[in-house]
file target19.txt (compact mmCIF, C-alpha atoms)
# COMPACT_ATOMS: atom_id res chain seq x y z
CA MET A 1 -87.41 138.86 118.69
CA THR A 2 -83.99 137.41 119.20
CA THR A 3 -81.87 138.65 122.07
CA PRO A 4 -78.12 138.08 122.42
CA ALA A 5 -78.81 135.84 125.42
CA ASP A 6 -81.16 133.60 123.36
CA LEU A 7 -78.60 133.30 120.63
CA ILE A 8 -75.65 132.64 122.90
CA SER A 9 -77.57 129.94 124.69
CA ALA A 10 -78.53 128.26 121.39
CA ILE A 11 -74.98 128.45 120.02
CA ASP A 12 -73.46 127.14 123.24
CA SER A 13 -75.82 124.16 123.23
CA LEU A 14 -74.74 123.37 119.69
CA LEU A 15 -71.03 123.82 120.28
CA SER A 16 -71.06 121.53 123.28
CA HIS A 17 -73.37 119.02 121.64
CA PRO A 18 -72.24 115.40 122.06
CA ALA A 19 -72.53 114.88 118.27
CA GLY A 20 -69.35 116.77 118.56
CA ILE A 21 -67.66 119.58 116.73
CA GLY A 22 -64.95 119.30 119.39
CA SER A 23 -63.85 115.81 118.55
CA PHE A 24 -63.33 116.61 114.88
CA ALA A 25 -61.94 120.11 115.22
CA LEU A 26 -58.76 118.86 116.88
CA ALA A 27 -56.99 117.79 113.74
CA ASN A 28 -57.50 119.53 110.46
CA ASN A 29 -57.33 116.43 108.33
CA VAL A 30 -59.75 114.31 110.35
CA ALA A 31 -62.95 115.59 108.78
CA GLU A 32 -61.48 115.10 105.32
CA LYS A 33 -60.26 111.58 106.11
CA ALA A 34 -63.59 110.69 107.69
CA TYR A 35 -65.22 111.67 104.42
CA GLU A 36 -62.76 109.43 102.56
CA ALA A 37 -63.83 106.59 104.86
CA TYR A 38 -67.42 107.28 103.87
CA VAL A 39 -66.63 107.15 100.12
CA PHE A 40 -64.50 104.04 100.74
CA GLY A 41 -67.60 102.51 102.36
CA LEU A 42 -69.68 103.32 99.27
CA CYS A 43 -67.14 101.39 97.16
CA LEU A 44 -67.55 98.40 99.50
CA ARG A 45 -71.31 98.68 99.07
CA ALA A 46 -70.98 98.59 95.27
CA ALA A 47 -68.80 95.49 95.46
CA ARG A 48 -71.25 93.80 97.79
CA GLU A 49 -74.27 94.66 95.66
CA LEU A 50 -72.56 92.89 92.75
CA GLY A 51 -72.16 89.74 94.83
CA GLY A 52 -68.61 90.36 96.05
CA SER A 53 -67.50 89.81 99.65
CA PRO A 54 -65.03 92.55 100.51
CA ILE A 55 -62.46 91.73 103.17
CA LEU A 56 -60.67 94.35 105.24
CA LEU A 57 -56.91 93.85 105.37
CA ASN A 58 -53.81 95.67 106.50
CA ILE A 59 -50.49 96.11 104.75
CA LYS A 60 -49.15 92.93 106.37
CA GLY A 61 -52.03 90.94 104.94
CA ALA A 62 -53.86 90.44 108.23
CA ALA A 63 -57.63 90.31 107.96
CA ASN A 64 -59.98 92.46 110.02
CA PRO A 65 -57.33 94.92 111.19
CA ASN A 66 -58.41 96.81 114.26
CA PRO A 67 -58.16 99.73 114.13
CA PHE A 68 -58.53 100.10 110.38
CA ILE A 69 -56.09 102.93 109.69
CA PHE A 70 -56.46 105.63 107.05
CA ARG A 71 -53.30 107.43 105.97
CA GLY A 72 -52.92 110.93 107.40
CA ALA A 73 -51.08 112.06 104.29
CA PRO A 74 -50.58 110.66 100.78
CA GLY A 75 -48.31 107.64 100.81
CA GLN A 76 -47.00 104.60 99.02
CA ILE A 77 -49.05 101.46 98.70
CA HIS A 78 -46.12 99.43 100.08
CA SER A 79 -45.52 101.65 103.11
CA VAL A 80 -45.31 99.76 106.41
CA HIS A 81 -44.91 102.97 108.41
CA LYS A 82 -48.27 102.09 109.98
CA ASP A 83 -50.65 99.17 109.48
CA TYR A 84 -52.63 101.01 106.84
CA GLY A 85 -55.87 99.34 105.84
CA TYR A 86 -57.33 98.42 102.47
CA ALA A 87 -60.09 96.16 101.20
CA SER A 88 -59.97 93.26 98.80
CA PHE A 89 -62.76 91.61 96.82
CA GLU A 90 -63.28 89.35 93.85
CA LEU A 91 -65.86 89.53 91.10
CA ASN A 92 -66.14 86.73 88.56
CA GLY A 93 -62.53 85.74 89.14
CA THR A 94 -61.21 89.29 88.87
CA LYS A 95 -59.41 90.40 92.03
CA LEU A 96 -59.73 94.04 93.00
CA GLU A 97 -58.75 96.26 95.90
CA VAL A 98 -59.97 99.50 97.46
CA HIS A 99 -57.33 101.91 98.79
CA ALA A 100 -57.25 105.38 100.32
CA GLY A 101 -54.57 108.05 100.09
CA VAL A 102 -52.29 106.00 97.85
CA GLU A 103 -49.99 107.52 95.24
CA PHE A 104 -50.08 106.27 91.65
CA GLU A 105 -47.57 106.80 88.90
CA GLY A 106 -48.87 108.63 85.85
CA THR A 107 -47.77 108.23 82.26
CA SER A 108 -45.35 111.14 82.82
CA LYS A 109 -43.81 109.19 85.75
CA THR A 110 -45.11 111.85 88.15
CA THR A 111 -46.92 110.45 91.17
CA HIS A 112 -50.44 111.50 92.03
CA GLU A 113 -52.42 110.92 95.19
CA VAL A 114 -55.83 109.34 94.73
CA ASP A 115 -58.03 109.80 97.78
CA VAL A 116 -60.10 106.68 97.19
CA ALA A 117 -59.22 104.15 94.51
CA VAL A 118 -60.52 100.85 93.20
CA MET A 119 -57.68 99.08 91.45
CA LYS A 120 -56.49 95.79 90.06
CA ALA A 121 -55.24 93.56 92.88
CA GLU A 122 -52.48 92.09 90.75
CA GLU A 123 -50.75 95.48 90.40
CA ALA A 124 -51.29 96.27 94.09
CA GLU A 125 -49.73 92.95 95.08
CA ARG A 126 -46.79 93.51 92.74
CA CYS A 127 -46.13 96.95 94.21
CA ARG A 128 -46.28 95.62 97.77
CA THR A 129 -43.82 92.86 96.92
CA VAL A 130 -41.36 94.87 94.86
CA PRO A 131 -41.82 98.28 96.41
CA SER A 132 -43.03 100.67 93.75
CA ASP A 133 -45.87 103.02 92.95
CA PRO A 134 -48.75 101.41 91.07
CA ALA A 135 -49.31 102.58 87.52
CA VAL A 136 -52.39 104.71 86.97
CA ALA A 137 -53.33 102.10 84.36
CA ALA A 138 -54.22 99.79 87.25
CA LEU A 139 -56.96 102.15 88.40
CA ILE A 140 -60.55 101.14 87.76
CA GLY A 141 -61.88 104.17 89.56
CA GLY A 142 -60.30 107.11 91.32
CA TRP A 143 -62.02 109.76 93.40
CA GLU A 144 -60.92 113.01 94.94
CA CYS A 145 -62.77 113.56 98.23
CA LYS A 146 -63.35 116.93 99.82
CA PHE A 147 -65.36 117.55 102.94
CA TYR A 148 -65.91 121.28 102.91
CA GLY A 149 -68.12 123.73 104.68
CA LYS A 150 -67.40 126.16 101.90
CA ARG A 151 -67.62 126.21 98.12
CA LEU A 152 -65.11 123.99 96.36
CA ASP A 153 -62.10 125.84 94.99
CA LYS A 154 -61.53 125.63 91.27
CA HIS A 155 -57.88 124.68 91.67
CA LEU A 156 -58.97 121.36 93.21
CA GLY A 157 -60.78 120.49 90.01
CA ARG A 158 -57.90 121.62 87.82
CA ALA A 159 -55.44 119.48 89.79
CA PHE A 160 -57.68 116.44 89.51
CA VAL A 161 -58.19 116.93 85.79
CA GLY A 162 -54.38 117.07 85.50
CA LEU A 163 -54.17 113.71 87.22
CA ILE A 164 -56.78 112.18 84.92
CA ASP A 165 -54.95 113.59 81.93
CA ASP A 166 -51.71 111.99 83.14
CA ALA A 167 -53.54 108.68 83.41
CA GLY A 168 -53.77 108.49 79.61
CA THR A 169 -56.86 106.88 78.15
CA VAL A 170 -57.09 103.89 80.45
CA ILE A 171 -58.89 105.14 83.53
CA ARG A 172 -62.48 103.93 83.52
CA LEU A 173 -64.07 106.03 86.19
CA SER A 174 -63.12 109.19 87.98
CA GLY A 175 -64.94 111.71 90.05
CA MET A 176 -64.74 114.48 92.56
CA CYS A 177 -66.77 113.68 95.67
CA SER A 178 -67.83 116.38 98.06
CA ASN A 179 -70.54 117.25 100.52
CA SER A 180 -70.29 120.71 99.00
CA GLU A 181 -70.74 121.86 95.41
CA SER A 182 -69.45 124.30 92.86
CA PRO A 183 -71.41 125.45 89.81
CA GLN A 184 -68.14 126.51 88.17
CA LEU A 185 -66.54 123.10 88.68
CA LYS A 186 -69.68 121.44 87.35
CA LEU A 187 -69.14 123.34 84.11
CA TYR A 188 -65.45 122.51 84.12
CA PHE A 189 -66.21 118.78 84.47
CA LYS A 190 -68.75 118.77 81.63
CA PRO A 191 -66.49 117.81 78.71
CA GLN A 192 -66.03 114.10 78.02
CA ARG A 193 -63.38 112.25 80.00
CA ARG A 194 -63.47 114.79 82.77
CA PRO A 195 -64.20 113.58 86.33
CA PHE A 196 -67.84 113.20 87.30
CA PRO A 197 -68.97 115.84 89.82
CA HIS A 198 -70.32 113.81 92.74
CA PHE A 199 -71.37 116.96 94.53
CA LYS A 200 -73.67 116.94 97.56
CA LEU A 201 -72.63 113.34 98.09
CA THR A 202 -73.63 112.81 101.71
CA PRO A 203 -75.79 110.45 103.74
CA LEU A 204 -78.37 113.27 103.69
CA ASN A 205 -78.77 112.69 99.96
CA LYS A 206 -79.55 109.05 99.21
CA SER A 207 -80.07 109.56 95.49
CA ASN A 208 -76.55 110.97 95.10
CA GLU A 209 -75.18 108.00 97.02
CA ASP A 210 -77.05 105.69 94.63
CA ILE A 211 -75.61 107.52 91.60
CA PHE A 212 -72.08 106.98 92.93
CA VAL A 213 -72.65 103.31 93.73
CA ASN A 214 -74.45 102.58 90.45
CA MET A 215 -71.74 104.22 88.35
CA LEU A 216 -69.10 102.07 90.02
CA LYS A 217 -71.25 98.97 89.69
CA ALA A 218 -71.76 99.62 85.98
CA GLU A 219 -67.99 99.85 85.38
CA LEU A 220 -67.25 96.79 87.48
CA LYS A 221 -69.94 94.86 85.60
CA LYS A 222 -68.45 95.86 82.25
CA MET A 223 -65.00 94.91 83.41
CA THR A 224 -65.74 91.61 85.13
CA GLY A 225 -68.85 90.46 83.30
CA VAL A 226 -70.82 89.78 86.51
CA MET B 1 -86.23 146.77 123.24
CA ALA B 2 -82.60 147.47 124.10
CA ASP B 3 -81.42 143.92 123.73
CA GLU B 4 -82.84 143.29 120.27
CA ILE B 5 -80.16 142.88 117.65
CA ASN B 6 -80.04 143.10 113.90
CA LYS B 7 -78.84 140.43 111.44
CA LYS B 8 -75.31 141.79 111.18
CA GLU B 9 -74.98 141.72 114.95
CA LEU B 10 -76.43 138.22 115.05
CA LEU B 11 -73.72 137.07 112.67
CA SER B 12 -71.06 138.78 114.72
CA VAL B 13 -72.28 137.18 117.97
CA LEU B 14 -72.45 133.80 116.27
CA LEU B 15 -68.90 134.01 114.91
CA GLU B 16 -67.46 135.38 118.16
CA ARG B 17 -69.01 132.57 120.13
CA VAL B 18 -67.63 129.94 117.77
CA ALA B 19 -64.20 131.64 117.87
CA GLU B 20 -64.10 131.52 121.66
CA ARG B 21 -64.49 127.75 121.62
CA TYR B 22 -62.90 126.72 118.33
CA PRO B 23 -60.71 129.47 116.80
CA ASP B 24 -59.69 127.36 113.77
CA LEU B 25 -63.26 126.46 113.03
CA ALA B 26 -64.31 130.11 113.34
CA LYS B 27 -61.67 131.04 110.80
CA GLU B 28 -63.05 128.43 108.40
CA VAL B 29 -66.56 129.77 108.90
CA ALA B 30 -65.38 133.34 108.31
CA ASP B 31 -63.57 132.26 105.12
CA THR B 32 -66.75 130.56 103.97
CA VAL B 33 -68.82 133.66 104.52
CA ASN B 34 -66.18 135.93 102.99
CA GLU B 35 -65.94 133.97 99.76
CA GLY B 36 -69.16 135.68 98.71
CA LYS B 37 -71.27 134.38 95.84
CA ASP B 38 -71.41 134.42 92.08
CA ILE B 39 -74.37 136.12 90.49
CA GLU B 40 -75.39 136.72 86.90
CA GLU B 41 -75.88 140.33 85.89
CA THR B 42 -77.45 141.72 82.76
CA LYS B 43 -76.39 144.87 80.99
CA PHE B 44 -77.50 146.40 77.68
CA VAL B 45 -74.49 147.21 75.52
CA PHE B 46 -74.31 148.86 72.12
CA ASP B 47 -73.56 146.30 69.38
CA GLU B 48 -71.42 147.80 66.57
CA LYS B 49 -72.57 145.22 64.01
CA THR B 50 -76.32 145.54 64.43
CA ARG B 51 -76.17 149.17 65.63
CA ARG B 52 -78.56 148.18 68.35
CA LYS B 53 -78.45 147.68 72.07
CA LYS B 54 -77.91 144.05 72.94
CA GLU B 55 -78.44 142.17 76.17
CA HIS B 56 -75.15 141.08 77.70
CA ARG B 57 -74.98 138.64 80.59
CA TYR B 58 -71.96 138.35 82.79
CA ARG B 59 -70.83 136.70 86.00
CA LYS B 60 -69.98 138.79 89.00
CA THR B 61 -68.72 137.96 92.49
CA THR B 62 -70.49 139.82 95.22
CA SER B 63 -70.70 139.66 99.01
CA LEU B 64 -73.42 137.72 100.79
CA SER B 65 -76.40 139.46 102.29
CA ASP B 66 -76.68 139.22 106.08
CA ASP B 67 -79.37 136.55 105.73
CA GLU B 68 -77.25 134.51 103.33
CA ALA B 69 -74.22 134.82 105.58
CA LEU B 70 -76.21 133.58 108.55
CA GLU B 71 -77.58 130.66 106.56
CA LYS B 72 -74.12 129.77 105.29
CA THR B 73 -72.76 129.79 108.84
CA VAL B 74 -75.51 127.50 110.06
CA ALA B 75 -75.02 125.23 107.04
CA PHE B 76 -71.32 125.02 107.91
CA LEU B 77 -72.14 123.99 111.48
CA GLU B 78 -74.64 121.49 110.10
CA SER B 79 -71.94 119.91 107.95
CA ARG B 80 -69.85 119.31 111.08
CA LEU B 81 -72.66 118.32 113.45
CA VAL B 82 -74.89 116.29 111.16
CA GLU B 83 -73.25 115.38 107.85
CA LEU B 84 -69.88 114.35 109.25
CA PRO B 85 -71.23 112.10 112.03
CA MET B 86 -73.66 110.55 109.54
CA ALA B 87 -70.82 109.93 107.07
CA ILE B 88 -68.77 108.26 109.81
CA ASN B 89 -71.71 106.10 110.87
CA SER B 90 -72.29 105.13 107.23
CA ALA B 91 -68.64 104.06 106.90
CA TYR B 92 -68.97 101.92 110.05
CA VAL B 93 -72.09 100.25 108.66
CA GLU B 94 -70.37 99.36 105.38
CA PHE B 95 -67.13 98.25 107.06
CA ALA B 96 -69.06 96.06 109.48
CA LYS B 97 -70.64 94.19 106.57
CA CYS B 98 -67.24 93.03 105.34
CA ALA B 99 -66.47 89.35 105.47
CA THR B 100 -65.75 88.15 108.99
CA THR B 101 -62.61 86.33 110.03
CA SER B 102 -64.27 82.94 109.94
CA GLN B 103 -65.04 83.47 106.26
CA VAL B 104 -61.44 84.33 105.50
CA GLN B 105 -59.60 81.73 107.53
CA SER B 106 -57.11 81.16 104.76
CA LEU B 107 -55.68 84.61 105.36
CA LYS B 108 -52.79 84.87 107.76
CA ASN B 109 -53.03 86.50 111.17
CA ALA B 110 -56.78 86.83 111.04
CA SER B 111 -57.53 88.41 114.37
CA ASN B 112 -59.63 90.91 116.24
CA ALA B 113 -62.85 89.37 114.97
CA ASP B 114 -64.59 89.68 118.28
CA ILE B 115 -63.50 93.23 119.01
CA GLU B 116 -65.69 96.01 117.72
CA LEU B 117 -64.01 97.57 114.70
CA GLU B 118 -62.55 101.05 115.02
CA ILE B 119 -61.78 103.24 112.04
CA ALA B 120 -58.84 105.52 112.74
CA VAL B 121 -57.09 108.35 110.97
CA GLU B 122 -53.36 108.77 111.25
CA ILE B 123 -52.37 112.23 112.48
CA GLY B 124 -49.53 113.46 110.33
CA GLY B 125 -47.82 111.21 107.82
CA VAL B 126 -44.72 109.21 106.98
CA GLY B 127 -42.48 112.26 106.72
CA ASP B 128 -43.67 113.74 109.99
CA ILE B 129 -40.65 114.24 112.26
CA VAL B 130 -41.71 117.38 114.10
CA ARG B 131 -44.69 115.94 115.93
CA SER B 132 -43.78 114.47 119.30
CA ASP B 133 -46.34 111.67 119.28
CA ASN B 134 -45.50 109.63 116.22
CA ASN B 135 -48.24 107.12 116.93
CA ALA B 136 -51.09 109.57 117.13
CA PHE B 137 -54.41 108.44 115.73
CA ALA B 138 -57.84 109.95 115.76
CA VAL B 139 -60.45 107.24 116.12
CA LEU B 140 -63.60 108.12 114.23
CA ARG B 141 -66.30 108.02 116.84
CA GLN B 142 -69.70 106.57 115.99
CA ILE B 143 -72.45 108.94 117.00
CA PRO B 144 -75.83 107.53 118.10
CA ALA B 145 -78.65 108.44 115.72
CA SER B 146 -80.52 110.04 118.63
CA GLN B 147 -77.68 112.51 119.17
CA ILE B 148 -77.60 113.40 115.49
CA ALA B 149 -81.36 113.94 115.59
CA SER B 150 -80.98 116.19 118.61
CA ALA B 151 -78.22 118.19 116.87
CA ARG B 152 -80.57 118.67 113.91
CA GLU B 153 -83.25 119.86 116.27
CA GLN B 154 -80.92 122.38 117.90
CA LEU B 155 -79.80 123.62 114.50
CA GLY B 156 -83.47 124.17 113.76
CA VAL B 157 -83.79 126.24 116.93
CA LEU B 158 -80.75 128.30 115.94
CA ARG B 159 -82.10 128.82 112.42
CA LYS B 160 -85.40 130.02 113.87
CA LEU B 161 -83.70 132.45 116.24
CA LEU B 162 -81.58 133.82 113.43
CA SER B 163 -84.51 134.26 111.10
CA THR B 164 -86.47 136.23 113.66
CA GLY B 165 -83.59 138.60 114.43
CA GLU B 166 -85.08 141.99 113.73
CA ALA B 167 -83.41 144.21 111.16
CA LYS B 168 -83.03 147.77 112.33

call {"tool": "encode", "arguments": {"input": "target19.txt", "output": "structure tokens"}}
result
Amino acid sequence: MTTPADLISAIDSLLSHPAGIGSFALANNVAEKAYEAYVFGLCLRAARELGGSPILLNIKGAANPNPFIFRGAPGQIHSVHKDYGYASFELNGTKLEVHAGVEFEGTSKTTHEVDVAVMKAEEAERCRTVPSDPAVAALIGGWECKFYGKRLDKHLGRAFVGLIDDAGTVIRLSGMCSNSESPQLKLYFKPQRRPFPHFKLTPLNKSNEDIFVNMLKAELKKMTGV
Amino acid sequence: MADEINKKELLSVLLERVAERYPDLAKEVADTVNEGKDIEETKFVFDEKTRRKKEHRYRKTTSLSDDEALEKTVAFLESRLVELPMAINSAYVEFAKCATTSQVQSLKNASNADIELEIAVEIGGVGDIVRSDNNAFAVLRQIPASQIASAREQLGVLRKLLSTGEAK
């Protein structure tokens, strides 16, 4: 039989656990950005498994930036507001970059934030030199990342599908990544050219991690011929 | 026994306790519980064409049972105490495998090779003029695997306590 005292003691132990709700509850966007860092890391893994050697850089071109900074809000690829980090790698002579929280320009000229993106380095370099938003056409893969305790809202899926639609026919890979899931969104993403539902994508689910990495590897292989 | 409590009370104690420490988090948990669930219902309806009763399935949103609400609350805490630290650790592992400075000497300003990498999240954004500390960052803290294991263990204890709460 459970008494209030038993329960309070168990909850208090959890809430003050060093694994730490406290450290992540301070800022609303931290959990979400931490999840972006995780998905960013999976992109690095895919590049490495194909024989690439990703390098961490900051906006000024310095290698191994420390700390490696993730944007707190969507921003421009050329922004020097902070030393935002990105990664660069090369496969079979094709230069590519991984970014987080960068805005891309769609075919309608509207800008769209892509939480984690693998893109052509040439376009990224151009947009850093002559400040502008990269064209969605430069995207190899774009992922929306949501770390949620609750069910994913449908409007998130609709917004992301809108982005993909504005990308025209060029985007190779897109997906919605979340530790959570939504049966309704799964249905919504079923038609061709809709984002792939990378639901329950967490370190607790290795097979879902492998699906993400292998899908990216397959596209990179096709594109670079490695 | 006077101090035995039912499932509804267990949920209430759980949420109150979370709210005392982390009000924002408690609100998120409450929203999660209150979103309910989708179920499929079946109803027999009269079909004009065939002049017969026909099975009709439809989706319906309904509230969670007390057991489901408790499980959802614990799952929410698990996402913060286990999944998030594991995701951060995973990012650190992948970032650490990136080429070291010595391999990229041709790049300018290569530095910090000997300092342990920190992954940080900017608080706010470029347009943020209200916040007083414009240079605020949250460094993502790596959590030792042993602590994550212990959090999982304590979640197990909580789950067990909640499952044995006696319904009146």

call {"tool": "closest_residue", "arguments": {"input": "target19.txt", "among": "B:Asp66, B:Asp24, B:Asp47, B:Glu40", "to": "chain A", "atoms": "all atoms listed in the file"}}
result
B:Asp24

call {"tool": "residues_around", "arguments": {"input": "target19.txt", "residues": "A:Leu156", "least_positions_apart": "6", "cutoff": "10 Å", "atoms": "all atoms listed in the file", "output": "list of chain:residue names"}}
result
A:Glu144, A:Lys146, A:Gly162, A:Met176, A:Leu185

call {"tool": "atom_distance", "arguments": {"input": "target19.txt", "atom1": "atom CA of B:Asn34", "atom2": "atom CA of B:Leu64"}}
result
7.8 Å

call {"tool": "residues_around", "arguments": {"input": "target19.txt", "residues": "A:Ala124", "least_positions_apart": "3", "cutoff": "10 Å", "atoms": "only C-alpha atoms", "output": "VMD selection string"}}
result
chain A and resid 77 to 78 96 to 99 119 to 121 127 to 129 131 to 135 138 to 139

call {"tool": "closest_residue", "arguments": {"input": "target19.txt", "among": "B:Arg51, B:Leu161, B:Ser65, B:Asp38", "to": "chain A", "atoms": "only C-alpha atoms"}}
result
B:Leu161

call {"tool": "residues_around", "arguments": {"input": "target19.txt", "residues": "B:Leu15", "least_positions_apart": "5", "cutoff": "9 Å", "atoms": "all atoms listed in the file", "output": "CSV table (one decimal) with C-alpha atoms, in the coordinates of the input"}}
result
chain,number,residue,atom,x,y,z
B,10,LEU,CA,-76.4,138.2,115.0
B,20,GLU,CA,-64.1,131.5,121.7
B,26,ALA,CA,-64.3,130.1,113.3
B,27,LYS,CA,-61.7,131.0,110.8
B,29,VAL,CA,-66.6,129.8,108.9
B,30,ALA,CA,-65.4,133.3,108.3
B,73,THR,CA,-72.8,129.8,108.8

call {"tool": "residues_around", "arguments": {"input": "target19.txt", "residues": "B:Ser90", "least_positions_apart": "4", "cutoff": "9 Å", "atoms": "all atoms listed in the file", "output": "list in words"}}
result
Ala37, Tyr38, Gly41, Leu42 and Pro203 of chain A; Pro85, Met86, Glu94 and Phe95 of chain B

call {"tool": "closest_residue", "arguments": {"input": "target19.txt", "among": "A:Leu204, A:Val136, A:Leu220, A:Val213", "to": "chain B", "atoms": "all atoms listed in the file"}}
result
A:Leu204

call {"tool": "closest_atom_pairs", "arguments": {"input": "target19.txt", "of": "stretch 13-115 of chain B", "to": "stretch 138-156 of chain B", "cutoff": "10 Å", "atoms": "all atoms listed in the file", "output": "CSV"}}
result
residue,atom,partner,partner_atom,distance
B:Val74,CA,B:Leu155,CA,7.3
B:Ala75,CA,B:Leu155,CA,9.0
B:Leu77,CA,B:Leu155,CA,8.2
B:Glu78,CA,B:Leu155,CA,7.1
B:Leu81,CA,B:Ala151,CA,6.5
B:Val82,CA,B:Ile148,CA,5.9
B:Glu83,CA,B:Ile148,CA,9.0
B:Leu84,CA,B:Ile143,CA,9.8
B:Pro85,CA,B:Ile143,CA,6.0
B:Met86,CA,B:Ile148,CA,7.7
B:Ala87,CA,B:Gln142,CA,9.6
B:Ile88,CA,B:Gln142,CA,6.5
B:Asn89,CA,B:Gln142,CA,5.5
B:Ser90,CA,B:Gln142,CA,9.2
B:Ala91,CA,B:Gln142,CA,9.5
B:Tyr92,CA,B:Gln142,CA,7.6
B:Val93,CA,B:Gln142,CA,10.0

call {"tool": "closest_residue", "arguments": {"input": "target19.txt", "among": "A:Asn205, A:Thr110, A:Thr169, A:Gln192", "to": "chain B", "atoms": "all atoms listed in the file"}}
result
A:Asn205

call {"tool": "atom_distance", "arguments": {"input": "target19.txt", "atom1": "atom CA of A:Glu122", "atom2": "atom CA of A:Ala137"}}
result
11.9 Å

call {"tool": "closest_residue", "arguments": {"input": "target19.txt", "among": "B:Ala99, B:Phe137, B:Leu11, B:Ile119", "to": "A:Arg48", "atoms": "only C-alpha atoms"}}
result
B:Ala99

call {"tool": "residues_around", "arguments": {"input": "target19.txt", "residues": "A:Arg194", "least_positions_apart": "3", "cutoff": "8 Å", "atoms": "all atoms listed in the file", "output": "ChimeraX atom specification"}}
result
/A:161,164,174,189-191

call {"tool": "closest_residue", "arguments": {"input": "target19.txt", "among": "B:Lys54, B:Arg21, B:Lys49, B:Lys8", "to": "chain A", "atoms": "all atoms listed in the file"}}
result
B:Arg21

call {"tool": "decode", "arguments": {"input": "target19.txt", "residues": "stretch 17-66 of chain B", "atoms": "C-alpha atoms", "output": "PDB file, in the first residue's frame"}}
result
ATOM      1  CA  ARG B  17       5.093  18.035  -5.400  1.00  0.00           C
ATOM      2  CA  VAL B  18       6.474  18.740  -8.865  1.00  0.00           C
ATOM      3  CA  ALA B  19       4.726  22.152  -8.866  1.00  0.00           C
ATOM      4  CA  GLU B  20       6.333  23.130  -5.571  1.00  0.00           C
ATOM      5  CA  ARG B  21       9.798  22.630  -7.035  1.00  0.00           C
ATOM      6  CA  TYR B  22       9.326  23.375 -10.726  1.00  0.00           C
ATOM      7  CA  PRO B  23       6.055  25.227 -11.482  1.00  0.00           C
ATOM      8  CA  ASP B  24       6.714  25.448 -15.245  1.00  0.00           C
ATOM      9  CA  LEU B  25       7.477  21.775 -15.458  1.00  0.00           C
ATOM     10  CA  ALA B  26       4.336  20.941 -13.479  1.00  0.00           C
ATOM     11  CA  LYS B  27       2.298  22.938 -15.959  1.00  0.00           C
ATOM     12  CA  GLU B  28       3.823  20.954 -18.824  1.00  0.00           C
ATOM     13  CA  VAL B  29       3.040  17.700 -17.045  1.00  0.00           C
ATOM     14  CA  ALA B  30      -0.547  18.819 -16.399  1.00  0.00           C
ATOM     15  CA  ASP B  31      -0.949  19.802 -20.080  1.00  0.00           C
ATOM     16  CA  THR B  32       0.366  16.390 -21.068  1.00  0.00           C
ATOM     17  CA  VAL B  33      -2.118  14.602 -18.861  1.00  0.00           C
ATOM     18  CA  ASN B  34      -4.977  16.874 -19.898  1.00  0.00           C
ATOM     19  CA  GLU B  35      -4.483  16.295 -23.612  1.00  0.00           C
ATOM     20  CA  GLY B  36      -6.252  12.968 -23.131  1.00  0.00           C
ATOM     21  CA  LYS B  37      -6.059  10.211 -25.721  1.00  0.00           C
ATOM     22  CA  ASP B  38      -7.571   9.195 -29.008  1.00  0.00           C
ATOM     23  CA  ILE B  39      -9.565   6.002 -29.067  1.00  0.00           C
ATOM     24  CA  GLU B  40     -11.472   4.187 -31.786  1.00  0.00           C
ATOM     25  CA  GLU B  41     -15.141   3.587 -31.122  1.00  0.00           C
ATOM     26  CA  THR B  42     -17.555   1.369 -32.988  1.00  0.00           C
ATOM     27  CA  LYS B  43     -21.215   2.078 -33.534  1.00  0.00           C
ATOM     28  CA  PHE B  44     -23.850   0.279 -35.602  1.00  0.00           C
ATOM     29  CA  VAL B  45     -25.650   2.720 -37.877  1.00  0.00           C
ATOM     30  CA  PHE B  46     -28.524   2.152 -40.278  1.00  0.00           C
ATOM     31  CA  ASP B  47     -27.319   2.165 -43.907  1.00  0.00           C
ATOM     32  CA  GLU B  48     -29.954   3.625 -46.280  1.00  0.00           C
ATOM     33  CA  LYS B  49     -28.527   1.839 -49.331  1.00  0.00           C
ATOM     34  CA  THR B  50     -28.408  -1.699 -47.982  1.00  0.00           C
ATOM     35  CA  ARG B  51     -31.262  -1.161 -45.492  1.00  0.00           C
ATOM     36  CA  ARG B  52     -29.115  -2.881 -42.933  1.00  0.00           C
ATOM     37  CA  LYS B  53     -27.185  -1.919 -39.856  1.00  0.00           C
ATOM     38  CA  LYS B  54     -23.554  -1.301 -40.662  1.00  0.00           C
ATOM     39  CA  GLU B  55     -20.510  -1.119 -38.432  1.00  0.00           C
ATOM     40  CA  HIS B  56     -19.133   2.406 -38.253  1.00  0.00           C
ATOM     41  CA  ARG B  57     -15.763   3.171 -36.704  1.00  0.00           C
ATOM     42  CA  TYR B  58     -14.821   6.611 -35.558  1.00  0.00           C
ATOM     43  CA  ARG B  59     -12.110   8.410 -33.624  1.00  0.00           C
ATOM     44  CA  LYS B  60     -12.891  10.002 -30.313  1.00  0.00           C
ATOM     45  CA  THR B  61     -10.827  12.016 -27.833  1.00  0.00           C
ATOM     46  CA  THR B  62     -11.331  10.994 -24.265  1.00  0.00           C
ATOM     47  CA  SER B  63      -9.666  11.664 -20.922  1.00  0.00           C
ATOM     48  CA  LEU B  64      -7.009   9.376 -19.504  1.00  0.00           C
ATOM     49  CA  SER B  65      -7.804   6.887 -16.801  1.00  0.00           C
ATOM     50  CA  ASP B  66      -6.059   7.494 -13.471  1.00  0.00           C
TER      51      ASP B  66
END
